[in-house]
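coords02.txt (compact mmCIF, C-alpha atoms and all ligand atoms)
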# COMPACT_ATOMS: atom_id res chain seq x y z
CA MET C 1 69.99 80.27 90.69
CA ASN C 2 72.58 77.76 91.87
CA THR C 3 75.29 79.92 93.41
CA GLU C 4 78.41 78.57 95.09
CA ILE C 5 78.96 80.43 98.30
CA SER C 6 81.41 80.46 101.18
CA ILE C 7 80.93 82.14 104.54
CA GLU C 8 83.44 83.75 106.88
CA PHE C 9 83.40 83.80 110.69
CA PHE C 10 85.67 85.34 113.28
CA PRO C 11 86.60 83.24 116.32
CA PRO C 12 84.48 84.39 119.29
CA GLN C 13 86.14 85.44 122.53
CA THR C 14 83.52 84.27 125.03
CA PRO C 15 81.68 80.99 125.75
CA GLU C 16 78.40 82.79 124.84
CA GLY C 17 79.91 83.87 121.52
CA ILE C 18 81.02 80.31 120.79
CA GLU C 19 77.53 79.02 121.57
CA LYS C 20 75.88 81.70 119.44
CA LEU C 21 78.20 80.86 116.54
CA ARG C 22 77.06 77.23 116.72
CA SER C 23 73.45 78.25 116.13
CA THR C 24 74.47 80.78 113.45
CA ARG C 25 76.36 77.99 111.71
CA ALA C 26 73.40 75.63 111.91
CA GLU C 27 71.26 78.28 110.17
CA LEU C 28 73.85 79.09 107.53
CA ALA C 29 74.51 75.41 106.86
CA LYS C 30 71.07 75.34 105.22
CA LEU C 31 72.56 77.46 102.43
CA LYS C 32 74.96 74.57 101.70
CA PRO C 33 78.13 76.65 101.50
CA GLU C 34 81.19 75.19 99.81
CA PHE C 35 83.17 76.04 102.95
CA PHE C 36 83.17 78.08 106.15
CA SER C 37 86.32 80.11 106.76
CA VAL C 38 87.60 81.40 110.10
CA THR C 39 89.76 84.50 110.48
CA TYR C 40 93.11 84.57 112.24
CA GLY C 41 94.61 87.44 114.23
CA ALA C 42 97.94 88.58 112.84
CA GLY C 43 100.87 87.62 115.02
CA GLY C 44 98.99 84.53 116.22
CA SER C 45 96.65 86.34 118.64
CA THR C 46 93.70 84.03 117.85
CA ARG C 47 95.69 80.89 117.05
CA GLU C 48 93.92 78.61 119.50
CA ARG C 49 90.47 80.13 119.10
CA THR C 50 90.68 79.90 115.30
CA PHE C 51 91.82 76.28 115.54
CA ASN C 52 88.98 75.38 117.92
CA VAL C 53 86.28 76.81 115.66
CA VAL C 54 87.86 75.14 112.62
CA LYS C 55 87.89 71.77 114.40
CA GLU C 56 84.21 72.16 115.35
CA ILE C 57 83.24 73.01 111.77
CA ALA C 58 85.15 69.98 110.46
CA ALA C 59 83.59 67.73 113.12
CA GLU C 60 80.15 68.88 111.93
CA GLY C 61 81.07 67.56 108.49
CA PHE C 62 81.72 70.87 106.71
CA ASP C 63 84.74 71.98 104.77
CA ALA C 64 86.63 74.43 107.01
CA ALA C 65 89.18 76.95 105.79
CA PRO C 66 91.33 78.53 108.49
CA HIS C 67 92.81 81.91 107.57
CA LEU C 68 96.51 82.14 108.22
CA SER C 69 98.36 85.45 108.31
CA CYS C 70 102.13 85.53 108.29
CA ILE C 71 103.20 89.01 109.41
CA GLY C 72 105.05 88.84 112.71
CA SER C 73 105.42 85.03 112.46
CA THR C 74 108.41 82.75 112.16
CA ARG C 75 108.69 79.94 109.64
CA GLU C 76 108.72 77.48 112.50
CA SER C 77 105.44 78.72 113.97
CA ILE C 78 103.70 78.64 110.58
CA ARG C 79 105.08 75.12 110.00
CA GLU C 80 103.58 74.00 113.32
CA ILE C 81 100.17 75.44 112.46
CA LEU C 82 100.18 73.85 109.01
CA ASN C 83 101.02 70.49 110.58
CA GLU C 84 98.22 70.88 113.14
CA TYR C 85 95.73 71.57 110.37
CA LYS C 86 97.05 68.76 108.22
CA SER C 87 96.67 66.30 111.10
CA ALA C 88 93.11 67.56 111.66
CA GLY C 89 92.27 66.76 108.03
CA ILE C 90 91.96 70.41 106.94
CA LYS C 91 92.58 70.85 103.23
CA ARG C 92 91.96 74.50 102.53
CA THR C 93 93.45 77.71 103.86
CA VAL C 94 93.19 81.45 103.22
CA ALA C 95 96.78 82.76 103.10
CA LEU C 96 97.31 86.38 104.08
CA ARG C 97 99.90 88.84 105.18
CA GLY C 98 97.68 90.29 107.92
CA ASP C 99 98.01 93.59 109.73
CA LEU C 100 99.95 93.87 112.96
CA PRO C 101 98.15 95.76 115.72
CA SER C 102 99.66 99.24 116.08
CA GLY C 103 102.62 99.26 118.41
CA MET C 104 103.52 95.61 117.80
CA ALA C 105 107.03 95.34 116.41
CA GLU C 106 107.49 93.51 113.14
CA THR C 107 109.87 90.74 114.03
CA GLY C 108 108.62 87.98 111.78
CA GLU C 109 110.22 86.14 108.90
CA PHE C 110 107.59 86.95 106.26
CA ARG C 111 106.89 90.30 104.63
CA TYR C 112 104.15 89.63 102.10
CA ALA C 113 101.46 87.06 101.43
CA ASN C 114 103.22 85.65 98.33
CA GLU C 115 106.02 84.45 100.64
CA LEU C 116 103.47 82.61 102.78
CA VAL C 117 101.91 80.96 99.71
CA GLU C 118 105.38 79.85 98.56
CA PHE C 119 106.16 78.52 102.02
CA ILE C 120 102.90 76.54 102.25
CA ARG C 121 103.58 74.96 98.86
CA ALA C 122 107.21 74.16 99.78
CA GLU C 123 106.19 72.59 103.10
CA THR C 124 102.99 70.79 102.20
CA GLY C 125 103.00 70.35 98.41
CA ASP C 126 99.47 70.18 97.03
CA HIS C 127 97.81 69.25 100.33
CA PHE C 128 96.08 72.63 100.78
CA SER C 129 93.85 74.45 98.39
CA ILE C 130 95.04 78.03 98.90
CA GLU C 131 92.87 81.14 98.73
CA VAL C 132 94.46 84.60 98.59
CA ALA C 133 93.06 88.11 99.04
CA ALA C 134 92.31 90.49 96.16
CA TYR C 135 91.48 94.20 96.27
CA PRO C 136 89.21 95.52 93.49
CA GLU C 137 89.51 99.05 94.95
CA TRP C 138 93.23 98.47 95.66
CA HIS C 139 94.89 97.74 98.97
CA PRO C 140 95.22 100.91 101.10
CA GLN C 141 99.00 100.52 101.42
CA ALA C 142 99.65 99.79 97.75
CA ARG C 143 102.10 102.21 96.14
CA SER C 144 100.02 102.18 92.95
CA PRO C 145 97.28 100.10 91.32
CA LYS C 146 99.94 98.54 89.09
CA ASP C 147 102.08 97.54 92.08
CA ASP C 148 99.03 96.04 93.76
CA MET C 149 98.09 94.03 90.67
CA ASP C 150 101.73 92.86 90.40
CA ALA C 151 101.58 91.76 94.06
CA PHE C 152 98.34 89.88 93.38
CA VAL C 153 99.84 88.13 90.35
CA ARG C 154 102.87 87.13 92.47
CA LYS C 155 100.57 85.46 95.04
CA VAL C 156 98.76 83.63 92.27
CA LYS C 157 101.99 82.46 90.66
CA ALA C 158 103.31 81.33 94.04
CA GLY C 159 100.59 78.68 94.00
CA ALA C 160 97.15 80.04 94.92
CA ASN C 161 94.08 78.14 93.73
CA SER C 162 91.48 80.83 94.14
CA ALA C 163 91.03 84.42 95.36
CA ILE C 164 88.51 86.19 97.57
CA THR C 165 88.12 89.93 97.33
CA GLN C 166 87.88 92.62 99.95
CA TYR C 167 84.27 93.77 100.11
CA PHE C 168 83.13 96.60 97.88
CA TYR C 169 79.85 98.21 96.81
CA ASN C 170 80.92 99.18 93.32
CA ALA C 171 80.53 96.28 90.91
CA ASP C 172 82.54 98.04 88.19
CA ALA C 173 85.66 97.96 90.37
CA TYR C 174 85.34 94.17 90.58
CA PHE C 175 84.80 93.69 86.84
CA HIS C 176 87.74 95.96 86.07
CA PHE C 177 89.98 94.05 88.48
CA VAL C 178 88.99 90.68 87.00
CA GLU C 179 89.67 91.95 83.46
CA GLU C 180 93.09 93.31 84.43
CA ALA C 181 94.01 90.11 86.24
CA LYS C 182 93.00 88.08 83.17
CA ALA C 183 95.14 90.31 80.99
CA GLN C 184 98.05 89.41 83.30
CA GLY C 185 97.42 85.72 82.69
CA VAL C 186 95.49 85.02 85.92
CA ASP C 187 92.83 82.40 85.28
CA LEU C 188 91.79 81.32 88.77
CA PRO C 189 88.36 82.13 90.23
CA ILE C 190 88.17 85.58 91.85
CA VAL C 191 85.23 85.38 94.22
CA PRO C 192 83.71 88.69 95.35
CA GLY C 193 83.60 89.26 99.10
CA ILE C 194 80.17 90.48 100.18
CA MET C 195 79.57 92.50 103.32
CA PRO C 196 75.89 92.59 104.30
CA ILE C 197 75.04 95.90 105.97
CA VAL C 198 73.99 95.71 109.61
CA GLY C 199 74.56 99.34 110.58
CA PHE C 200 76.13 102.33 108.88
CA THR C 201 78.42 104.11 111.38
CA LYS C 202 80.64 101.13 112.13
CA LEU C 203 80.71 100.11 108.48
CA ALA C 204 81.82 103.61 107.44
CA ARG C 205 84.66 103.58 109.97
CA PHE C 206 85.79 100.09 109.01
CA SER C 207 85.57 100.85 105.30
CA ASP C 208 87.83 103.89 105.69
CA ALA C 209 90.44 101.73 107.40
CA CYS C 210 90.44 98.90 104.88
CA GLY C 211 90.10 101.03 101.76
CA ALA C 212 86.60 99.96 100.72
CA GLU C 213 84.54 102.79 99.32
CA ILE C 214 80.93 103.42 100.24
CA PRO C 215 79.63 105.31 97.19
CA ARG C 216 78.32 108.81 97.89
CA TRP C 217 74.75 108.01 96.83
CA MET C 218 74.65 105.18 99.37
CA ARG C 219 76.37 107.13 102.11
CA LYS C 220 73.99 110.08 101.76
CA LYS C 221 71.00 107.79 101.93
CA PHE C 222 72.28 105.94 105.00
CA GLU C 223 73.05 109.24 106.71
CA SER C 224 69.53 110.45 106.00
CA PHE C 225 68.12 107.50 107.97
CA GLY C 226 69.81 108.66 111.19
CA ASP C 227 69.31 105.92 113.77
CA ASP C 228 66.29 104.38 112.04
CA SER C 229 67.78 100.89 111.99
CA ASP C 230 64.83 99.34 110.09
CA SER C 231 65.34 101.68 107.14
CA ILE C 232 69.11 101.10 107.21
CA ARG C 233 68.57 97.35 107.21
CA ALA C 234 65.98 97.47 104.40
CA PHE C 235 68.07 99.72 102.17
CA GLY C 236 71.23 97.73 102.95
CA LEU C 237 69.50 94.50 101.95
CA ASP C 238 68.29 96.03 98.68
CA VAL C 239 71.67 97.38 97.61
CA VAL C 240 73.64 94.30 98.59
CA THR C 241 71.17 91.95 96.88
CA GLU C 242 71.32 94.07 93.71
CA LEU C 243 75.11 94.05 93.90
CA CYS C 244 75.15 90.25 94.16
CA GLU C 245 72.75 89.94 91.22
CA ARG C 246 74.92 92.17 89.08
CA LEU C 247 78.08 90.31 90.03
CA LEU C 248 76.61 86.91 89.28
CA LYS C 249 75.09 88.06 85.99
CA GLY C 250 78.46 89.51 85.06
CA GLY C 251 80.18 86.15 85.59
CA ALA C 252 81.36 86.14 89.24
CA PRO C 253 82.19 82.51 90.08
CA GLY C 254 80.44 82.61 93.48
CA LEU C 255 80.01 84.79 96.57
CA HIS C 256 81.97 84.91 99.84
CA PHE C 257 79.94 86.37 102.71
CA TYR C 258 81.52 88.32 105.56
CA CYS C 259 78.61 87.38 107.79
CA MET C 260 80.03 88.86 111.04
CA ASN C 261 78.86 85.73 112.87
CA GLN C 262 75.21 86.48 112.08
CA SER C 263 72.91 84.46 109.88
CA THR C 264 69.86 86.62 109.12
CA LEU C 265 71.16 89.04 106.47
CA THR C 266 73.14 86.43 104.52
CA THR C 267 70.14 84.09 104.59
CA GLU C 268 67.79 86.87 103.45
CA ILE C 269 70.09 87.91 100.60
CA MET C 270 70.38 84.31 99.40
CA LYS C 271 66.60 83.91 99.63
CA ARG C 272 66.12 87.01 97.50
CA LEU C 273 68.67 85.71 94.98
CA GLY C 274 66.49 82.64 94.69
P1 LIG C 301 99.75 91.18 100.53
O1 LIG C 301 99.23 90.50 99.32
O2 LIG C 301 101.09 90.80 101.02
O3 LIG C 301 99.72 92.74 100.20
C1 LIG C 301 99.85 93.70 101.24
C2 LIG C 301 100.32 95.05 100.66
O4 LIG C 301 101.68 94.96 100.29
C3 LIG C 301 99.59 95.50 99.40
O5 LIG C 301 99.50 96.90 99.44
C4 LIG C 301 100.51 95.07 98.28
O6 LIG C 301 100.35 95.87 97.12
C5 LIG C 301 101.87 95.29 98.93
N1 LIG C 301 102.92 94.41 98.44
C6 LIG C 301 102.85 93.08 98.23
N2 LIG C 301 104.06 92.59 97.83
C7 LIG C 301 104.91 93.66 97.83
C8 LIG C 301 106.29 93.83 97.55
N3 LIG C 301 107.07 92.79 97.19
N4 LIG C 301 106.83 95.06 97.65
C9 LIG C 301 106.06 96.13 98.04
N5 LIG C 301 104.75 96.03 98.31
C10 LIG C 301 104.18 94.82 98.22
N6 LIG C 301 93.66 89.92 108.11
C11 LIG C 301 93.95 89.21 109.22
O7 LIG C 301 94.77 89.64 110.03
N7 LIG C 301 93.34 88.01 109.48
C12 LIG C 301 92.45 87.46 108.63
O8 LIG C 301 91.91 86.38 108.89
C13 LIG C 301 92.13 88.17 107.43
N8 LIG C 301 91.28 87.66 106.51
C14 LIG C 301 91.08 88.32 105.32
C15 LIG C 301 90.31 87.72 104.32
C16 LIG C 301 90.11 88.35 103.10
C17 LIG C 301 89.29 87.66 102.02
C18 LIG C 301 90.67 89.64 102.86
C19 LIG C 301 90.43 90.35 101.57
C20 LIG C 301 91.46 90.24 103.84
C21 LIG C 301 91.68 89.61 105.07
N9 LIG C 301 92.50 90.14 106.06
C22 LIG C 301 92.78 89.44 107.22
C23 LIG C 301 93.08 91.48 105.88
C24 LIG C 301 94.48 91.41 105.27
O9 LIG C 301 95.35 90.70 106.10
C25 LIG C 301 94.96 92.84 105.07
O10 LIG C 301 94.24 93.46 104.05
C26 LIG C 301 96.47 92.99 104.87
O11 LIG C 301 96.78 94.38 104.97
C27 LIG C 301 96.97 92.53 103.52
O12 LIG C 301 97.01 91.17 103.43
P2 LIG C 301 97.32 90.48 102.02
O13 LIG C 301 97.39 89.04 102.26
O14 LIG C 301 96.39 90.96 101.00
O15 LIG C 301 98.78 91.08 101.76
Using structure tokens, write down the structure that the file contains.
Amino acid sequence: MNTEISIEFFPPQTPEGIEKLRSTRAELAKLKPEFFSVTYGAGGSTRERTFNVVKEIAAEGFDAAPHLSCIGSTRESIREILNEYKSAGIKRTVALRGDLPSGMAETGEFRYANELVEFIRAETGDHFSIEVAAYPEWHPQARSPKDDMDAFVRKVKAGANSAITQYFYNADAYFHFVEEAKAQGVDLPIVPGIMPIVGFTKLARFSDACGAEIPRWMRKKFESFGDDSDSIRAFGLDVVTELCERLLKGGAPGLHFYCMNQSTLTTEIMKRLG
């Protein structure tokens, strides 16, 4: 199977983390991803670290896609970042609203991601290929599924080229989302975000916060393994590989891996997919 994939990293905080990410990247490069993306802390908290990783990826000859979130930012600061990336030869970005850490006041000049997409287009024309986020199980703050779909369509119409979804373990939610988006006239690729499963407790906590559902049958099984990490890993690999197979068979245009700066699970899943 010839599957187009992209892989997401977060910018490490320590010199050891940066070094480890280099070897992770060297491993994952063997999968020939279309691009590596690097997350960005809302309010600019990782601005320099994100930029440094992005520059390294580009210097290694790969397509790098910095994420850019706009909440808590001014137009001027986003303009500066876009210019930095343009000068560094970066041609792709993942445009997001972001989530401000609790307690941080919202003083920025953007409210939603569609405003950032509009701004990037107004400032830089067609220079950047723009990815936006999509939520097959709906964004946790959305007033209703319809409102969330409307918000997604607004981002697309503002000038996005492609979308990457929040991770999910329920393929039907993805297919339903894609159908609804099509019915709204959206015809750009909507690439499913895939979260390989390293451990269950953290994943469960994180999933609650970001509105991704772990289906009951999976949750029960994970819980039954207790702290038997080998069984968790084996079962996680099976379900995520099957999910990927179903998505690709059902027409997903590629896969975006949230690899959590680790190479083994993503590599194993791709190996199993052939
Ligand atoms: P938006 O599309 O703006 O939507 C946010 C919420 O507002 C939704 O509930 C939507 O329905 C609602 N909404 C939109 N427009 C309106 C309107 N006009 N009126 C009322 N409601 C509206 N976060 C980071 O901080 N850094 C990252 O690097 C990062 N990378 C990510 C990558 C991917 C692929 C994904 C899926 C998420 C990522 N996130 C990241 C998380 C993301 O920032 C959060 O999910 C955030 O809460 C929403 O961002 P968004 O761009 O989807 O926002």
With only C-alpha atoms and all ligand atoms counted, collect every polymer residue having an atom within 6 Å of ligand LIG 301 (chain C); state the result as a PDB file with C-alpha atoms, in the coordinates of the input.
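Contents of the output file part37.pdb:
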ATOM      1  CA  THR C  39      89.760  84.500 110.480  1.00  0.00           C
ATOM      2  CA  TYR C  40      93.110  84.570 112.240  1.00  0.00           C
ATOM      3  CA  GLY C  41      94.610  87.440 114.230  1.00  0.00           C
ATOM      4  CA  ALA C  42      97.940  88.580 112.840  1.00  0.00           C
ATOM      5  CA  HIS C  67      92.810  81.910 107.570  1.00  0.00           C
ATOM      6  CA  SER C  69      98.360  85.450 108.310  1.00  0.00           C
ATOM      7  CA  LEU C  96      97.310  86.380 104.080  1.00  0.00           C
ATOM      8  CA  ARG C  97      99.900  88.840 105.180  1.00  0.00           C
ATOM      9  CA  GLY C  98      97.680  90.290 107.920  1.00  0.00           C
ATOM     10  CA  ASP C  99      98.010  93.590 109.730  1.00  0.00           C
ATOM     11  CA  TYR C 112     104.150  89.630 102.100  1.00  0.00           C
ATOM     12  CA  ALA C 113     101.460  87.060 101.430  1.00  0.00           C
ATOM     13  CA  ALA C 133      93.060  88.110  99.040  1.00  0.00           C
ATOM     14  CA  ALA C 134      92.310  90.490  96.160  1.00  0.00           C
ATOM     15  CA  HIS C 139      94.890  97.740  98.970  1.00  0.00           C
ATOM     16  CA  GLN C 141      99.000 100.520 101.420  1.00  0.00           C
ATOM     17  CA  ALA C 142      99.650  99.790  97.750  1.00  0.00           C
ATOM     18  CA  ASP C 147     102.080  97.540  92.080  1.00  0.00           C
ATOM     19  CA  ASP C 148      99.030  96.040  93.760  1.00  0.00           C
ATOM     20  CA  ALA C 151     101.580  91.760  94.060  1.00  0.00           C
ATOM     21  CA  ILE C 164      88.510  86.190  97.570  1.00  0.00           C
ATOM     22  CA  THR C 165      88.120  89.930  97.330  1.00  0.00           C
ATOM     23  CA  GLN C 166      87.880  92.620  99.950  1.00  0.00           C
TER      24      GLN C 166
END
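Closest approach to His256 of chain C among C:Val198, C:Ala158, C:Ile5, C:Leu28 is made by C:Ile5 (distances from all atoms listed in the file).
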Draw an axis-aligned box over all listed atoms of segment 208-223 of chain C, pad each side with 4 Å, and write its centre and edge lengths in Å, one decimal, as JSON.
{"center_x": 80.7, "center_y": 104.5, "center_z": 102.1, "size_x": 27.4, "size_y": 19.2, "size_z": 18.6}
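We find atom CA of Gly274 of chain C and atom CA of Asp228 of chain C to be spaced 27.8 Å apart.
When all atoms listed in the file are used to compute distances to Pro192 of chain C, the closest of the residues C:Glu80, C:Glu180, C:Asp230, C:Glu4 turns out to be C:Glu4.
Proximity to Met260 of chain C was assessed for C:Phe200, C:Tyr169, C:Phe10, C:Phe222 counting all atoms listed in the file; the smallest distance is recorded for C:Phe10.
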What is the distance between atom CA of Glu8 of chain C and atom CA of Tyr258 of chain C, in Å to one decimal?
->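 One can read the atom CA of Glu8 of chain C to atom CA of Tyr258 of chain C distance as 5.1 Å.
Proximity to Ala65 of chain C was assessed for C:Ser77, C:Ser6, C:Thr107, C:Ser87 counting all atoms listed in the file; the smallest distance is recorded for C:Ser6.
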Taking into account all atoms listed in the file, which residue in the set C:Met195, C:Ile81, C:Leu255, C:Val132 is nearest to Pro33 of chain C?
->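 With all atoms listed in the file as the atom set, the closest residue is C:Leu255.
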Please return, as number ranges by chain, all polymer residues that have at least one atom within 6 Å of the point (67.9, 91.5, 100.2); use only C-alpha atoms and the file's own coordinate frame.
-> C: 237-238, 241, 268-269, 272
Would you kindly return, as a ChimeraX atom specification, each protein, DNA or RNA residue with an atom no farther than 9 Å from any atom of Tyr85 of chain C, considering only C-alpha atoms and excluding same-chain residues fewer than 6 positions away?
-> /C:51,54-55,66,91
Can you list, as a PyMOL selection string, every protein, DNA or RNA residue that comes within 10 Å of Gly108 of chain C when you count only C-alpha atoms, leaving out same-chain residues fewer than 2 positions away?
-> chain C and resi 43+70-75+105-106+110-111
In Å, with one decimal, what is the gap from atom CA of Thr24 of chain C to atom CA of Ser263 of chain C?
->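 Interatomic distance here is 5.4 Å.
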Option closest in space to Val178 of chain C, from C:Ala252, C:Lys220, C:Glu115, C:Phe235 [counting only C-alpha atoms] |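 Answer, going by the shortest atom-to-atom distance: C:Ala252.
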Which residues come within 10 Å of Asp172 of chain C, counting all atoms listed in the file, excluding same-chain residues fewer than 3 positions away, as a list of chain:residue names?
->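 Once the nearby chain positions are removed, what remains is C:Pro136, C:Glu137, C:Phe168, C:Tyr169, C:Phe175, C:His176, C:Phe177, C:Val178, C:Arg246, C:Leu247, C:Gly250.
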